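Below is the file coords08.txt, which contains compact mmCIF, C-alpha atoms.
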# COMPACT_ATOMS: atom_id res chain seq x y z
CA MET A 2 -38.51 99.22 -10.87
CA ARG A 3 -38.89 97.40 -7.56
CA PRO A 4 -40.36 99.20 -4.52
CA ALA A 5 -37.04 98.92 -2.68
CA ALA A 6 -35.33 100.79 -5.51
CA TRP A 7 -37.93 103.57 -5.35
CA LEU A 8 -37.45 103.75 -1.60
CA SER A 9 -33.69 104.14 -2.00
CA LEU A 10 -34.33 107.09 -4.33
CA ALA A 11 -36.59 108.75 -1.75
CA ALA A 12 -33.95 109.12 0.98
CA ALA A 13 -31.75 111.89 -0.45
CA PRO A 14 -34.59 114.29 -1.39
CA THR A 15 -36.32 113.66 1.94
CA PHE A 16 -33.20 114.57 3.92
CA THR A 17 -32.63 117.62 1.70
CA VAL A 18 -36.14 118.89 2.42
CA MET A 19 -35.68 118.20 6.12
CA ALA A 20 -32.43 120.20 6.11
CA ALA A 21 -34.12 123.13 4.36
CA VAL A 22 -37.09 123.14 6.72
CA THR A 23 -34.87 122.86 9.79
CA ALA A 24 -32.65 125.69 8.55
CA ALA A 25 -35.69 127.90 7.85
CA LEU A 26 -37.19 127.23 11.28
CA ASP A 27 -33.84 127.79 13.00
CA ALA A 28 -33.36 131.08 11.16
CA ARG A 29 -36.82 132.28 12.16
CA ALA A 30 -36.25 131.27 15.78
CA ALA A 31 -32.82 132.96 15.79
CA VAL A 32 -34.44 136.32 15.02
CA THR A 33 -36.46 136.15 18.23
CA VAL A 34 -33.48 135.25 20.43
CA CYS A 35 -31.92 138.11 22.38
CA GLY A 36 -28.28 137.83 23.27
CA PRO A 37 -25.25 136.56 21.43
CA ALA A 38 -25.73 135.78 17.77
CA PRO A 39 -26.61 132.12 17.30
CA ALA A 40 -24.77 129.92 14.82
CA PRO A 41 -26.16 130.29 11.29
CA VAL A 42 -26.50 126.53 10.91
CA SER A 43 -27.48 124.16 13.68
CA GLY A 44 -26.16 120.67 14.19
CA MET A 45 -29.39 119.15 12.88
CA VAL A 46 -29.05 120.96 9.55
CA VAL A 47 -25.51 119.63 9.15
CA MET A 48 -26.69 116.13 10.03
CA TYR A 49 -29.49 116.24 7.43
CA VAL A 50 -27.12 117.56 4.75
CA LEU A 51 -24.64 114.78 5.48
CA MET A 52 -27.39 112.16 5.47
CA SER A 53 -28.57 113.49 2.12
CA ALA A 54 -25.03 113.31 0.72
CA PHE A 55 -24.55 109.75 1.99
CA HIS A 56 -27.79 108.67 0.31
CA LEU A 57 -26.92 110.11 -3.12
CA GLY A 58 -25.53 106.76 -4.33
CA PRO A 59 -28.72 105.51 -6.01
CA TRP A 60 -29.20 108.88 -7.73
CA LEU A 61 -25.62 108.86 -9.02
CA GLN A 62 -26.01 105.29 -10.30
CA ARG A 63 -29.24 106.25 -12.04
CA ALA A 64 -27.66 109.36 -13.59
CA SER A 65 -24.67 107.39 -14.87
CA ARG A 66 -26.87 105.07 -16.95
I need this file expressed as structure tokens, please.
Amino acid sequence: MRPAAWLSLAAAPTFTVMAAVTAALDARAAVTVCGPAPAPVSGMVVMYVLMSAFHLGPWLQRASR
């Protein structure tokens, strides 16, 4: 497999991990905030989840073989 193909497979898991880490850090920071309840998911988490979904193409092609 060419390096470019391996790189295309790395995008979706990377964005998934980034979404999980961002959500965990946001949740921990939300506990320390006094005032109105913050949103359970920030805009960055949504962005990382969408980026992960958009980069699932190579994984779906690989799974269909």
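One finds atom CA of A:Val18 at 17.5 Å from atom CA of A:Pro59.
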Taking (-30.9, 109.5, -1.6) in the file's coordinates as the center, which residues reach within 8 Å of it, counting only C-alpha atoms, put as a compact mmCIF listing (two decimals) with C-alpha atoms, keeping the file's coordinate frame?
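File selection-v4.txt, as written:
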# COMPACT_ATOMS: atom_id res chain seq x y z
CA SER A 9 -33.69 104.14 -2.00
CA LEU A 10 -34.33 107.09 -4.33
CA ALA A 11 -36.59 108.75 -1.75
CA ALA A 12 -33.95 109.12 0.98
CA ALA A 13 -31.75 111.89 -0.45
CA PRO A 14 -34.59 114.29 -1.39
CA THR A 15 -36.32 113.66 1.94
CA PHE A 16 -33.20 114.57 3.92
CA SER A 53 -28.57 113.49 2.12
CA ALA A 54 -25.03 113.31 0.72
CA PHE A 55 -24.55 109.75 1.99
CA HIS A 56 -27.79 108.67 0.31
CA LEU A 57 -26.92 110.11 -3.12
CA GLY A 58 -25.53 106.76 -4.33
CA PRO A 59 -28.72 105.51 -6.01
CA TRP A 60 -29.20 108.88 -7.73
In Å and to one decimal, atom CA of A:Val47 is distant from atom CA of A:Ala5 by 26.5 Å
Rounded to one decimal in Å, what is the spacing between atom CA of A:Gly44 and atom CA of A:Thr17?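 These atoms are spaced 14.4 Å apart.
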Which residues are near A:Thr23? Cut-off 8 Å, all atoms listed in the file, ignore same chain within fewer than 3 positions. Put them as a short mmCIF file (atom, residue, chain, number, x, y, z; two decimals) with C-alpha atoms, in the frame of the given file.
data_model
loop_
_atom_site.label_atom_id
_atom_site.label_comp_id
_atom_site.auth_asym_id
_atom_site.auth_seq_id
_atom_site.Cartn_x
_atom_site.Cartn_y
_atom_site.Cartn_z
CA MET A 19 -35.68 118.20 6.12
CA ALA A 20 -32.43 120.20 6.11
CA LEU A 26 -37.19 127.23 11.28
CA ASP A 27 -33.84 127.79 13.00
CA MET A 45 -29.39 119.15 12.88
CA VAL A 46 -29.05 120.96 9.55
#
